[in-house]
>>> print(open('start-v4.tsv').read())   # TSV, C-alpha atoms
chain	number	residue	atom	x	y	z
A	219	MET	CA	-26.91	258.74	100.56
A	220	THR	CA	-29.59	256.44	101.95
A	221	ASP	CA	-32.06	255.14	99.41
A	222	LEU	CA	-35.03	257.51	99.65
A	223	LEU	CA	-37.47	254.70	98.87
A	224	GLY	CA	-36.04	252.35	101.49
A	225	ALA	CA	-37.66	251.63	104.83
A	226	GLU	CA	-34.73	253.15	106.70
A	227	ALA	CA	-34.78	256.45	104.79
A	228	ALA	CA	-36.01	259.62	106.40
A	229	GLU	CA	-38.54	261.45	104.23
A	230	ILE	CA	-37.06	264.54	102.65
A	231	LEU	CA	-39.36	267.35	101.65
A	232	ARG	CA	-38.51	270.31	99.51
A	233	PRO	CA	-38.72	273.76	101.06
A	234	PRO	CA	-42.10	275.52	100.90
A	235	GLU	CA	-43.07	276.92	97.51
A	236	GLU	CA	-41.31	280.13	96.57
A	237	THR	CA	-43.80	282.97	96.28
A	238	LEU	CA	-43.74	285.35	93.36
A	239	PRO	CA	-44.36	289.12	93.43
A	240	GLN	CA	-47.99	289.79	94.26
A	241	TYR	CA	-49.94	290.69	91.15
A	242	ASN	CA	-53.65	291.39	90.85
A	243	ILE	CA	-54.94	289.02	88.19
A	244	GLY	CA	-58.45	289.24	86.74
A	245	LEU	CA	-60.16	286.09	85.50
A	246	TYR	CA	-63.43	286.32	83.55
A	247	LEU	CA	-65.27	282.99	83.23
A	248	VAL	CA	-68.14	282.22	80.91
A	249	SER	CA	-68.50	278.45	81.33
A	250	ILE	CA	-68.15	275.88	84.11
A	251	HIS	CA	-64.64	274.63	83.49
A	252	GLN	CA	-62.43	272.85	86.04
A	253	THR	CA	-59.31	274.43	84.54
A	254	SER	CA	-60.62	277.79	85.77
A	255	TYR	CA	-60.09	276.56	89.32
A	256	LEU	CA	-56.65	275.15	88.51
A	257	ILE	CA	-55.43	278.44	87.01
A	258	ALA	CA	-56.83	280.55	89.86
A	259	LYS	CA	-55.54	278.24	92.61
A	260	THR	CA	-52.06	277.97	91.09
A	261	LEU	CA	-51.68	281.76	90.89
A	262	ALA	CA	-53.05	282.23	94.41
A	263	LEU	CA	-50.66	279.65	95.88
A	264	ALA	CA	-47.75	281.53	94.29
A	265	GLY	CA	-48.76	284.76	96.02
A	266	CYS	CA	-50.99	286.48	93.47
A	267	ARG	CA	-54.38	287.96	94.24
A	268	VAL	CA	-56.97	286.53	91.86
A	269	TRP	CA	-60.19	288.42	91.18
A	270	ALA	CA	-62.69	286.23	89.34
A	271	CYS	CA	-65.88	287.29	87.61
A	272	ALA	CA	-67.92	284.17	86.95
A	273	GLU	CA	-71.04	284.37	84.81
A	274	PRO	CA	-72.31	281.04	86.22
A	275	SER	CA	-73.44	281.83	89.78
A	276	LEU	CA	-72.77	279.47	92.68
A	277	ALA	CA	-76.48	278.60	92.68
A	278	GLU	CA	-76.25	277.60	89.02
A	279	VAL	CA	-73.09	275.59	89.60
A	280	THR	CA	-74.66	273.58	92.43
A	281	SER	CA	-78.18	273.48	90.97
A	282	SER	CA	-80.09	270.27	91.63
A	283	ALA	CA	-81.08	270.31	87.96
A	284	GLU	CA	-77.59	269.02	87.27
A	285	ASN	CA	-75.58	266.50	89.24
A	286	PRO	CA	-73.56	268.68	91.70
A	287	ALA	CA	-71.04	265.86	92.14
A	288	TRP	CA	-70.04	266.07	88.48
A	289	PRO	CA	-66.32	266.88	88.73
A	290	GLN	CA	-66.42	269.98	86.52
A	291	ARG	CA	-69.10	271.53	88.74
A	292	LEU	CA	-67.46	270.47	91.98
A	293	TYR	CA	-64.04	271.88	91.09
A	294	PHE	CA	-65.52	275.11	89.72
A	295	SER	CA	-67.50	275.63	92.95
A	296	TRP	CA	-64.21	275.60	94.93
A	297	LEU	CA	-63.42	279.02	93.43
A	298	TYR	CA	-65.93	280.52	95.86
A	299	SER	CA	-64.09	279.34	98.98
A	300	GLU	CA	-60.38	279.61	98.17
A	301	GLU	CA	-58.00	281.86	100.06
A	302	GLY	CA	-56.43	284.33	97.66
A	303	VAL	CA	-59.33	284.05	95.18
A	304	SER	CA	-62.24	286.50	95.28
A	305	VAL	CA	-65.31	285.82	93.14
A	306	MET	CA	-66.85	289.24	92.59
A	307	PRO	CA	-70.64	289.75	92.80
A	308	SER	CA	-72.23	290.86	89.56
A	309	ALA	CA	-73.15	294.30	90.90
A	310	SER	CA	-69.71	295.10	92.29
A	311	GLY	CA	-67.09	297.29	90.69
A	312	VAL	CA	-63.94	296.11	88.99
A	313	PRO	CA	-60.76	295.85	91.12
A	314	PRO	CA	-57.46	297.31	89.86
A	315	LEU	CA	-55.77	294.66	87.74
A	316	ASP	CA	-52.22	294.05	86.55
A	317	ALA	CA	-53.40	291.57	83.93
A	318	PHE	CA	-56.65	290.06	82.72
A	319	LEU	CA	-57.39	286.56	81.39
A	320	TYR	CA	-60.81	286.10	79.84
A	321	GLU	CA	-62.46	282.98	78.49
A	322	ILE	CA	-63.63	282.64	74.90
A	323	GLY	CA	-65.19	279.47	73.56
A	324	HIS	CA	-68.46	277.70	72.84
A	325	LEU	CA	-70.71	279.99	74.88
A	326	LYS	CA	-71.59	283.60	74.13
A	327	PRO	CA	-70.95	285.94	77.08
A	328	ARG	CA	-74.21	286.72	78.84
A	329	PHE	CA	-72.94	290.06	80.13
A	330	PRO	CA	-70.72	291.55	77.41
A	331	ASP	CA	-70.81	295.01	78.99
A	332	ARG	CA	-69.43	293.61	82.25
A	333	LEU	CA	-66.69	291.84	80.31
A	334	GLU	CA	-65.98	295.17	78.64
A	335	ASP	CA	-65.61	296.86	82.05
A	336	TRP	CA	-63.11	294.23	83.19
A	337	MET	CA	-61.11	294.60	80.00
A	338	ARG	CA	-60.83	298.35	80.52
A	339	ALA	CA	-59.44	297.84	84.01
A	340	ALA	CA	-56.31	296.01	82.79
A	341	ARG	CA	-53.61	297.09	80.38
A	342	ARG	CA	-52.51	293.50	79.68
A	343	ARG	CA	-55.27	291.31	78.29
A	344	VAL	CA	-55.04	287.68	77.19
A	345	ALA	CA	-57.79	285.48	75.77
A	346	TRP	CA	-58.11	281.87	76.91
A	347	ASN	CA	-59.65	279.75	74.15
A	348	THR	CA	-61.41	276.78	75.74
A	349	THR	CA	-62.63	275.50	72.35
A	350	ASP	CA	-60.88	272.19	71.70
A	351	GLU	CA	-59.90	270.66	68.37
A	352	GLU	CA	-60.67	267.01	68.93
A	353	ARG	CA	-63.26	266.60	66.17
A	354	GLY	CA	-63.13	266.57	62.39
A	355	ARG	CA	-61.57	269.40	60.42
A	356	LEU	CA	-64.91	270.86	59.27
A	357	ALA	CA	-66.41	270.71	62.78
A	358	ASN	CA	-63.29	272.39	64.18
A	359	LEU	CA	-63.54	275.17	61.60
A	360	ARG	CA	-67.23	275.78	62.38
A	361	SER	CA	-66.45	275.89	66.09
A	362	GLU	CA	-63.60	278.36	65.62
A	363	LEU	CA	-65.66	280.60	63.35
A	364	GLY	CA	-68.41	280.60	65.98
A	365	THR	CA	-65.92	281.57	68.71
A	366	ALA	CA	-64.47	284.36	66.60
A	367	TYR	CA	-67.94	285.72	65.86
A	368	ARG	CA	-69.17	285.58	69.44
A	369	TYR	CA	-66.05	287.35	70.75
A	370	ARG	CA	-65.27	289.62	67.79
A	371	ARG	CA	-65.74	292.64	70.07
A	372	PHE	CA	-62.93	291.48	72.37
A	373	ILE	CA	-60.43	289.21	70.60
A	374	SER	CA	-58.66	291.96	68.66
A	375	ARG	CA	-57.72	293.67	71.94
A	376	ALA	CA	-55.94	290.65	73.42
A	377	ARG	CA	-52.14	290.56	73.40
A	378	SER	CA	-52.25	286.79	72.83
A	379	VAL	CA	-54.50	283.75	72.90
A	380	VAL	CA	-53.84	280.73	75.15
A	381	VAL	CA	-55.15	277.60	73.44
A	382	GLY	CA	-56.71	274.97	75.70
A	383	SER	CA	-55.96	272.04	73.39
A	384	GLY	CA	-55.31	271.27	69.75
A	385	ALA	CA	-53.44	273.17	67.09
A	386	VAL	CA	-51.81	276.46	68.02
A	387	TYR	CA	-51.47	277.90	64.53
A	388	GLY	CA	-54.15	278.44	61.92
A	389	ARG	CA	-57.06	278.73	64.32
A	390	VAL	CA	-59.54	281.42	63.42
A	391	ALA	CA	-59.86	282.91	66.91
A	392	SER	CA	-56.12	283.39	67.20
A	393	MET	CA	-55.24	284.13	63.58
A	394	PHE	CA	-54.18	287.72	64.27
A	395	ARG	CA	-52.80	287.16	67.78
A	396	THR	CA	-49.79	285.34	69.18
A	397	SER	CA	-50.87	281.84	70.26
A	398	GLU	CA	-49.56	279.73	73.12
A	399	ARG	CA	-50.38	276.33	74.56
A	400	GLN	CA	-52.13	276.03	77.88
A	401	GLY	CA	-50.26	272.99	79.17
A	402	HIS	CA	-51.78	270.91	81.96
A	403	PHE	CA	-52.02	270.50	85.74
A	404	VAL	CA	-52.19	267.87	88.45
A	405	HIS	CA	-55.54	266.57	89.68
A	406	PRO	CA	-57.40	269.47	91.39
A	407	MET	CA	-57.33	267.73	94.78
A	408	PHE	CA	-53.52	267.91	94.79
A	409	LEU	CA	-53.79	271.69	94.73
A	410	ARG	CA	-56.74	272.11	97.09
A	411	ASP	CA	-55.71	269.81	99.96
A	412	PRO	CA	-52.54	271.00	101.79
A	413	LEU	CA	-51.39	267.50	102.77
A	414	LEU	CA	-51.95	266.05	99.32
A	415	ARG	CA	-50.22	269.08	97.83
A	416	ARG	CA	-47.20	268.56	100.08
A	417	ASP	CA	-46.90	264.92	99.02
A	418	MET	CA	-47.39	265.67	95.33
A	419	PHE	CA	-44.90	268.53	95.12
A	420	GLY	CA	-42.62	267.89	98.09
A	421	ARG	CA	-41.53	264.25	98.02
A	422	GLU	CA	-37.88	264.02	96.99
A	423	TRP	CA	-36.46	261.23	94.82
A	424	LEU	CA	-33.16	260.29	93.20
A	425	PRO	CA	-32.78	259.45	89.48
A	426	GLY	CA	-30.36	256.58	90.18
A	427	THR	CA	-32.60	254.61	92.56
A	428	ALA	CA	-33.83	251.26	91.21
A	429	ARG	CA	-37.61	250.90	91.27
A	430	PRO	CA	-39.62	247.69	91.72
A	431	ILE	CA	-42.45	248.45	89.23
A	432	ARG	CA	-41.51	248.62	85.56
A	433	LEU	CA	-44.92	249.85	84.33
A	434	ALA	CA	-48.10	251.04	86.05
A	435	PHE	CA	-51.62	251.94	85.06
A	436	ALA	CA	-54.23	252.72	87.68
A	437	GLY	CA	-57.58	254.23	86.84
A	438	ASN	CA	-60.87	253.97	85.06
A	439	PRO	CA	-60.60	252.03	81.76
A	440	GLN	CA	-63.41	254.17	80.32
A	441	PRO	CA	-64.26	256.00	78.09
A	442	ALA	CA	-64.36	253.86	74.97
A	443	GLY	CA	-61.27	255.47	73.47
A	444	ARG	CA	-59.21	254.55	76.52
A	445	THR	CA	-60.64	251.02	76.59
A	446	ARG	CA	-59.56	250.60	72.97
A	447	ILE	CA	-55.99	251.45	74.01
A	448	LEU	CA	-55.87	249.39	77.20
A	449	GLU	CA	-57.29	246.09	75.94
A	450	PRO	CA	-54.45	245.27	73.48
A	451	ILE	CA	-51.88	246.29	76.10
A	452	ALA	CA	-53.48	243.96	78.65
A	453	ARG	CA	-53.30	241.10	76.14
A	454	LEU	CA	-49.66	241.92	75.41
A	455	LEU	CA	-48.77	241.91	79.12
A	456	SER	CA	-50.48	238.56	79.67
A	457	ARG	CA	-48.28	236.99	76.96
A	458	GLN	CA	-45.04	238.82	77.71
A	459	PRO	CA	-42.38	236.49	79.18
A	460	GLY	CA	-40.68	237.63	82.38
A	461	ILE	CA	-43.60	239.86	83.45
A	462	ARG	CA	-45.46	239.53	86.74
A	463	ILE	CA	-48.77	241.40	86.80
A	464	SER	CA	-50.02	242.66	90.14
A	465	LYS	CA	-53.52	243.95	90.85
A	466	ASP	CA	-52.86	244.96	94.44
A	467	TYR	CA	-50.87	248.15	94.96
A	468	ARG	CA	-50.48	247.35	98.68
A	469	GLU	CA	-47.87	244.69	97.98
A	470	PHE	CA	-45.46	247.45	96.94
A	471	SER	CA	-44.27	248.85	100.22
A	472	ALA	CA	-41.02	250.43	101.37
A	473	GLU	CA	-39.81	246.95	102.30
A	474	THR	CA	-40.36	245.59	98.77
A	475	CYS	CA	-38.43	248.56	97.37
A	476	LEU	CA	-35.52	247.86	99.67
A	477	LEU	CA	-35.54	244.17	98.71
A	478	HIS	CA	-35.63	245.08	95.03
A	479	ASN	CA	-32.68	247.44	95.31
A	480	ARG	CA	-30.57	244.79	97.05
A	481	LEU	CA	-31.52	241.74	94.99
A	482	ALA	CA	-32.42	243.19	91.57
A	483	GLN	CA	-35.78	241.41	91.78
A	484	LYS	CA	-37.00	239.46	88.75
A	485	PRO	CA	-39.35	239.12	86.94
A	486	LEU	CA	-40.37	242.66	86.06
A	487	ALA	CA	-43.48	243.78	87.91
A	488	VAL	CA	-46.43	245.54	86.29
A	489	LEU	CA	-49.10	247.22	88.41
A	490	TRP	CA	-52.36	247.02	86.46
A	491	LEU	CA	-55.49	248.48	88.04
A	492	ALA	CA	-57.85	249.15	85.15
A	493	ALA	CA	-60.93	248.97	87.34
A	494	ALA	CA	-64.07	251.00	86.58
A	495	PRO	CA	-65.92	252.58	89.51
A	496	ALA	CA	-68.67	250.51	91.07
A	497	ALA	CA	-72.32	251.56	90.97
A	498	GLY	CA	-73.01	254.97	92.45
A	499	GLY	CA	-69.54	256.28	91.59
A	500	ARG	CA	-67.86	254.53	94.52
A	501	SER	CA	-64.55	252.81	94.02
A	502	LYS	CA	-64.21	249.05	94.10
A	503	ALA	CA	-62.20	247.07	96.64
A	504	ASP	CA	-59.25	248.92	98.15
A	505	SER	CA	-56.81	246.65	96.35
A	506	GLU	CA	-58.30	247.70	92.99
A	507	SER	CA	-57.87	251.45	93.38
A	508	ILE	CA	-55.14	253.69	94.75
A	509	PRO	CA	-56.20	256.46	97.15
A	510	LEU	CA	-54.89	259.90	96.22
A	511	SER	CA	-52.87	259.94	99.44
A	512	ASP	CA	-50.89	256.87	98.24
A	513	TRP	CA	-50.56	257.87	94.59
A	514	PRO	CA	-47.29	259.90	94.90
A	515	ARG	CA	-45.62	257.08	96.84
A	516	ILE	CA	-46.65	254.49	94.23
A	517	LEU	CA	-45.43	256.68	91.37
A	518	GLN	CA	-42.01	256.85	93.00
A	519	MET	CA	-41.82	253.06	92.72
A	520	CYS	CA	-42.47	253.06	88.95
A	521	ASP	CA	-40.07	253.27	86.03
A	522	PHE	CA	-42.85	254.03	83.54
A	523	SER	CA	-46.41	255.31	83.82
A	524	LEU	CA	-48.98	254.52	81.13
A	525	CYS	CA	-50.91	257.74	80.39
A	526	PRO	CA	-53.68	257.14	77.82
A	527	PRO	CA	-56.14	259.97	77.17
A	528	GLY	CA	-59.55	259.77	78.80
A	529	TYR	CA	-62.46	262.13	78.22
A	530	GLU	CA	-59.93	264.79	77.24
A	531	LYS	CA	-56.83	264.64	75.08
A	532	LYS	CA	-54.50	265.57	77.96
A	533	THR	CA	-54.38	263.86	81.34
A	534	HIS	CA	-53.19	265.03	84.76
A	535	ARG	CA	-51.53	261.59	85.06
A	536	VAL	CA	-48.63	262.85	82.91
A	537	VAL	CA	-47.78	265.80	85.17
A	538	GLU	CA	-48.12	263.72	88.35
A	539	SER	CA	-45.87	260.99	86.92
A	540	LEU	CA	-43.17	263.47	85.95
A	541	LEU	CA	-43.21	265.03	89.41
A	542	HIS	CA	-42.18	261.65	90.83
A	543	GLY	CA	-39.79	260.40	88.19
A	544	ALA	CA	-42.15	257.91	86.54
A	545	ILE	CA	-41.47	258.29	82.81
A	546	PRO	CA	-44.79	258.82	81.01
A	547	ILE	CA	-45.92	256.86	77.96
A	548	LEU	CA	-48.19	259.27	76.09
A	549	ASP	CA	-49.40	260.25	72.65
A	550	CYS	CA	-49.35	264.08	72.54
A	551	PRO	CA	-46.18	265.36	74.24
A	552	GLU	CA	-46.46	268.80	72.62
A	553	GLU	CA	-49.79	269.48	74.37
A	554	TYR	CA	-48.12	269.71	77.79
A	555	ASP	CA	-45.80	272.56	76.71
A	556	ILE	CA	-42.91	271.49	78.95
A	557	GLY	CA	-40.40	270.20	76.41
A	558	LEU	CA	-41.31	266.50	76.38
A	559	ARG	CA	-39.29	264.61	73.76
A	560	ASP	CA	-39.52	260.96	72.81
A	561	GLY	CA	-36.64	258.90	74.17
A	562	GLU	CA	-35.34	261.74	76.33
A	563	ASN	CA	-37.93	262.31	79.05
A	564	CYS	CA	-40.94	260.33	77.83
A	565	ILE	CA	-41.97	257.57	75.44
A	566	ALA	CA	-44.17	259.05	72.73
A	567	VAL	CA	-46.71	256.86	70.96
A	568	ALA	CA	-46.32	256.92	67.19
A	569	GLY	CA	-49.28	256.31	64.89
A	570	ASP	CA	-51.57	255.30	67.76
A	571	ASP	CA	-49.43	252.16	68.30
A	572	TRP	CA	-49.53	251.97	72.10
A	573	THR	CA	-48.37	248.34	72.31
A	574	SER	CA	-45.09	249.17	70.55
A	575	ALA	CA	-44.50	252.02	72.98
A	576	VAL	CA	-45.06	249.66	75.92
A	577	LYS	CA	-42.67	247.11	74.42
A	578	ARG	CA	-40.00	249.83	74.22
A	579	SER	CA	-40.35	250.45	77.95
A	580	PHE	CA	-39.46	246.81	78.65
A	581	ASP	CA	-36.43	246.86	76.36
A	582	LEU	CA	-34.63	249.76	78.06
A	583	ASN	CA	-31.84	248.94	80.51
A	584	PHE	CA	-31.34	250.64	83.86
A	585	GLU	CA	-28.70	253.08	82.63
A	586	ARG	CA	-31.00	254.36	79.90
A	587	ILE	CA	-33.88	254.70	82.35
A	588	ARG	CA	-31.66	256.56	84.81
A	589	SER	CA	-30.57	258.95	82.07
A	590	MET	CA	-34.19	259.65	81.09
A	591	ARG	CA	-35.13	260.14	84.74
A	592	GLU	CA	-32.39	262.75	85.16
A	593	ARG	CA	-33.99	264.75	82.34
A	594	VAL	CA	-37.40	264.28	83.93
A	595	ARG	CA	-36.04	265.64	87.19
A	596	SER	CA	-34.96	268.90	85.55
A	597	ILE	CA	-38.63	269.48	84.66
A	598	ALA	CA	-40.05	268.22	87.97
A	599	VAL	CA	-38.02	270.47	90.26
A	600	GLY	CA	-38.71	273.68	88.31
A	601	PRO	CA	-41.41	274.20	85.67
A	602	LEU	CA	-43.85	271.68	87.19
A	603	GLN	CA	-43.70	273.03	90.73
A	604	VAL	CA	-46.54	275.38	91.68
A	605	ALA	CA	-44.34	278.48	91.48
A	606	GLY	CA	-42.97	277.33	88.12
A	607	THR	CA	-46.45	276.83	86.66
A	608	ALA	CA	-47.64	280.17	88.04
A	609	HIS	CA	-44.59	281.93	86.60
A	610	LYS	CA	-45.40	280.46	83.20
A	611	TRP	CA	-48.93	281.87	83.36
A	612	LEU	CA	-47.63	285.27	84.44
A	613	CYS	CA	-45.34	285.21	81.40
A	614	LYS	CA	-48.34	284.43	79.18
A	615	LEU	CA	-50.13	287.39	80.76
A	616	GLY	CA	-47.18	289.66	80.11
A	617	VAL	CA	-46.51	290.81	83.69
A	618	THR	CA	-43.13	289.06	84.00
A	619	ARG	CA	-40.52	287.26	81.90
>>> encode(input="start-v4.tsv", output="structure tokens")
Amino acid sequence: MTDLLGAEAAEILRPPEETLPQYNIGLYLVSIHQTSYLIAKTLALAGCRVWACAEPSLAEVTSSAENPAWPQRLYFSWLYSEEGVSVMPSASGVPPLDAFLYEIGHLKPRFPDRLEDWMRAARRRVAWNTTDEERGRLANLRSELGTAYRYRRFISRARSVVVGSGAVYGRVASMFRTSERQGHFVHPMFLRDPLLRRDMFGREWLPGTARPIRLAFAGNPQPAGRTRILEPIARLLSRQPGIRISKDYREFSAETCLLHNRLAQKPLAVLWLAAAPAAGGRSKADSESIPLSDWPRILQMCDFSLCPPGYEKKTHRVVESLLHGAIPILDCPEEYDIGLRDGENCIAVAGDDWTSAVKRSFDLNFERIRSMRERVRSIAVGPLQVAGTAHKWLCKLGVTR
């Protein structure tokens, strides 16, 4: 078969997403959370009808009192214009529902009686706990106690609790319910835009194809926690023999891939674009940032993808990398709830030692990388596709198995 990354290869796309049986899913939202959009859009793309009741109104979401370009607000506002998603006015009745997912977390529901009405309309009810556990033990306990108190009227009637991040067991809000992990998604734009979605979920690749980039990182080096991870890795790369560091993604074209496959190009190439946005939120020079439209193609040229946490513990970079056979280097494989295991389909960071994990990626030979990529592919073609992710949520909601 012709090398799919070569200049002479014809692009192969997977068939359109398989649609699931049409269920009516209720979604009750208390806070402005971008994951609300990701859940609703995923279910809608798979053929479900999503009925959302959002306590924050569209006027509040886009209020000039807050920056409307803040990503959380922007992505949440998309709920109001998505096909297959209906945001119900506050005075309207409750639609018939097959299952109901309601948010519990930091904020107290402003309209508990309305939440009560939505709960009554569905036989299957699941709580979605957006309270994270990324602080100290005492702060986590206070937060969980607060969540349990604010939602004491509702939690006991949930069949299970989906945990946004952190520990699954021993959390107060889910102590008497079955707990499950939320997992993670791609960047919201890869679900919203049809062309970007096609490229993210539809570009085919082969596990046995040699790739010209051994390791890639592209993104904002902030916040401080990410900077702390990246700086030692950058120093390591600058001293590593046999490594060529590139800061221009445009040099990696289909022609360079073809050359690499024929000549086994040396030295190993690293694509390193740790460039913070310029003033005003705009990106820097084109060579210092990768447009979303080029990101899937670049990932398919990488053996490994460095996936440090940013403002949240999880990152969409992991899911996007897996979809294109770039083996992620990450520090919390269990959070993604897709069976990631160190040395099999990812490189897991132990004891916050990111430089050792990066060194491991340079020590692996092609046969080992190919073997890992075959295991990655088994995840990419099923559970991580839109229908696979939607099916997982429908299982959490109890409407299918």
>>> residues_near_point(input="start-v4.tsv", point="(-68.6, 287.4, 67.9)", cutoff="12 Å", atoms="all atoms listed in the file", output="ChimeraX atom specification")
/A:322-327,330,361-374,390-391
>>> residues_around(input="start-v4.tsv", residues="region 544-546 of chain A", least_positions_apart="4", cutoff="9 Å", atoms="all atoms listed in the file", output="ChimeraX atom specification")
/A:433,517-525,535-540,563-566,587,590-591,594
>>> write_last_selection(input="start-v4.tsv", atoms="C-alpha atoms", output="compact mmCIF listing (two decimals), in the frame of the given file")
# COMPACT_ATOMS: atom_id res chain seq x y z
CA LEU A 433 -44.92 249.85 84.33
CA LEU A 517 -45.43 256.68 91.37
CA GLN A 518 -42.01 256.85 93.00
CA MET A 519 -41.82 253.06 92.72
CA CYS A 520 -42.47 253.06 88.95
CA ASP A 521 -40.07 253.27 86.03
CA PHE A 522 -42.85 254.03 83.54
CA SER A 523 -46.41 255.31 83.82
CA LEU A 524 -48.98 254.52 81.13
CA CYS A 525 -50.91 257.74 80.39
CA ARG A 535 -51.53 261.59 85.06
CA VAL A 536 -48.63 262.85 82.91
CA VAL A 537 -47.78 265.80 85.17
CA GLU A 538 -48.12 263.72 88.35
CA SER A 539 -45.87 260.99 86.92
CA LEU A 540 -43.17 263.47 85.95
CA ASN A 563 -37.93 262.31 79.05
CA CYS A 564 -40.94 260.33 77.83
CA ILE A 565 -41.97 257.57 75.44
CA ALA A 566 -44.17 259.05 72.73
CA ILE A 587 -33.88 254.70 82.35
CA MET A 590 -34.19 259.65 81.09
CA ARG A 591 -35.13 260.14 84.74
CA VAL A 594 -37.40 264.28 83.93
>>> closest_residue(input="start-v4.tsv", among="A:Ala277, A:Ala605, A:Leu455, A:Val488", to="Ala262 (chain A)", atoms="all atoms listed in the file")
A:Ala605
>>> residues_near_point(input="start-v4.tsv", point="(-66.2, 279.9, 94.3)", cutoff="12 Å", atoms="all atoms listed in the file", output="PyMOL selection string")
chain A and resi 247+250+252+254-255+258-259+268-280+291-307
>>> write_last_selection(input="start-v4.tsv", atoms="C-alpha atoms", output="short mmCIF file (atom, residue, chain, number, x, y, z; two decimals), in the frame of the given file")
data_model
loop_
_atom_site.label_atom_id
_atom_site.label_comp_id
_atom_site.auth_asym_id
_atom_site.auth_seq_id
_atom_site.Cartn_x
_atom_site.Cartn_y
_atom_site.Cartn_z
CA LEU A 247 -65.27 282.99 83.23
CA ILE A 250 -68.15 275.88 84.11
CA GLN A 252 -62.43 272.85 86.04
CA SER A 254 -60.62 277.79 85.77
CA TYR A 255 -60.09 276.56 89.32
CA ALA A 258 -56.83 280.55 89.86
CA LYS A 259 -55.54 278.24 92.61
CA VAL A 268 -56.97 286.53 91.86
CA TRP A 269 -60.19 288.42 91.18
CA ALA A 270 -62.69 286.23 89.34
CA CYS A 271 -65.88 287.29 87.61
CA ALA A 272 -67.92 284.17 86.95
CA GLU A 273 -71.04 284.37 84.81
CA PRO A 274 -72.31 281.04 86.22
CA SER A 275 -73.44 281.83 89.78
CA LEU A 276 -72.77 279.47 92.68
CA ALA A 277 -76.48 278.60 92.68
CA GLU A 278 -76.25 277.60 89.02
CA VAL A 279 -73.09 275.59 89.60
CA THR A 280 -74.66 273.58 92.43
CA ARG A 291 -69.10 271.53 88.74
CA LEU A 292 -67.46 270.47 91.98
CA TYR A 293 -64.04 271.88 91.09
CA PHE A 294 -65.52 275.11 89.72
CA SER A 295 -67.50 275.63 92.95
CA TRP A 296 -64.21 275.60 94.93
CA LEU A 297 -63.42 279.02 93.43
CA TYR A 298 -65.93 280.52 95.86
CA SER A 299 -64.09 279.34 98.98
CA GLU A 300 -60.38 279.61 98.17
CA GLU A 301 -58.00 281.86 100.06
CA GLY A 302 -56.43 284.33 97.66
CA VAL A 303 -59.33 284.05 95.18
CA SER A 304 -62.24 286.50 95.28
CA VAL A 305 -65.31 285.82 93.14
CA MET A 306 -66.85 289.24 92.59
CA PRO A 307 -70.64 289.75 92.80
#
>>> residues_around(input="start-v4.tsv", residues="Asn347 (chain A)", least_positions_apart="4", cutoff="7 Å", atoms="only C-alpha atoms", output="PDB file with C-alpha atoms, in the coordinates of the input")
ATOM      1  CA  GLU A 321     -62.460 282.980  78.490  1.00  0.00           C
ATOM      2  CA  ILE A 322     -63.630 282.640  74.900  1.00  0.00           C
ATOM      3  CA  GLY A 323     -65.190 279.470  73.560  1.00  0.00           C
ATOM      4  CA  VAL A 379     -54.500 283.750  72.900  1.00  0.00           C
ATOM      5  CA  VAL A 380     -53.840 280.730  75.150  1.00  0.00           C
ATOM      6  CA  VAL A 381     -55.150 277.600  73.440  1.00  0.00           C
ATOM      7  CA  GLY A 382     -56.710 274.970  75.700  1.00  0.00           C
TER       8      GLY A 382
END
>>> residues_around(input="start-v4.tsv", residues="Leu263 (chain A)", least_positions_apart="5", cutoff="12 Å", atoms="all atoms listed in the file", output="list in words")
Pro234, Glu235, Glu236, Thr237, Leu238, Pro239, Gln240, Tyr255, Leu256, Ile257, Ala258, Val268, Glu300, Glu301, Gly302, Val303, Leu409, Arg410, Asp411, Pro412, Arg415, Gln603, Val604, Ala605, Gly606, Thr607, Ala608 and His609 of chain A
>>> residues_around(input="start-v4.tsv", residues="Gly616 (chain A)", least_positions_apart="2", cutoff="9 Å", atoms="all atoms listed in the file", output="list in words")
Ala317, Arg342, Arg343, Val344, Arg377, Trp611, Leu612, Cys613, Lys614, Thr618 and Arg619 of chain A
>>> closest_residue(input="start-v4.tsv", among="A:Val576, A:Leu454, A:Val617, A:Leu424", to="Glu592 (chain A)", atoms="only C-alpha atoms")
A:Leu424
>>> residues_around(input="start-v4.tsv", residues="Glu562 (chain A)", least_positions_apart="4", cutoff="8 Å", atoms="all atoms listed in the file", output="PyMOL selection string")
chain A and resi 558+589-590+593
>>> closest_residue(input="start-v4.tsv", among="A:Leu245, A:Ala385, A:Leu448, A:Val404", to="Leu315 (chain A)", atoms="all atoms listed in the file")
A:Leu245
>>> closest_residue(input="start-v4.tsv", among="A:Ala428, A:Ala357, A:Cys550, A:Ile461", to="Glu585 (chain A)", atoms="all atoms listed in the file")
A:Ala428
>>> atom_distance(input="start-v4.tsv", atom1="CA of Ile597 (chain A)", atom2="CA of Ile556 (chain A)")
7.4 Å
>>> atom_distance(input="start-v4.tsv", atom1="CA of Lys531 (chain A)", atom2="CA of Asn438 (chain A)")
15.2 Å
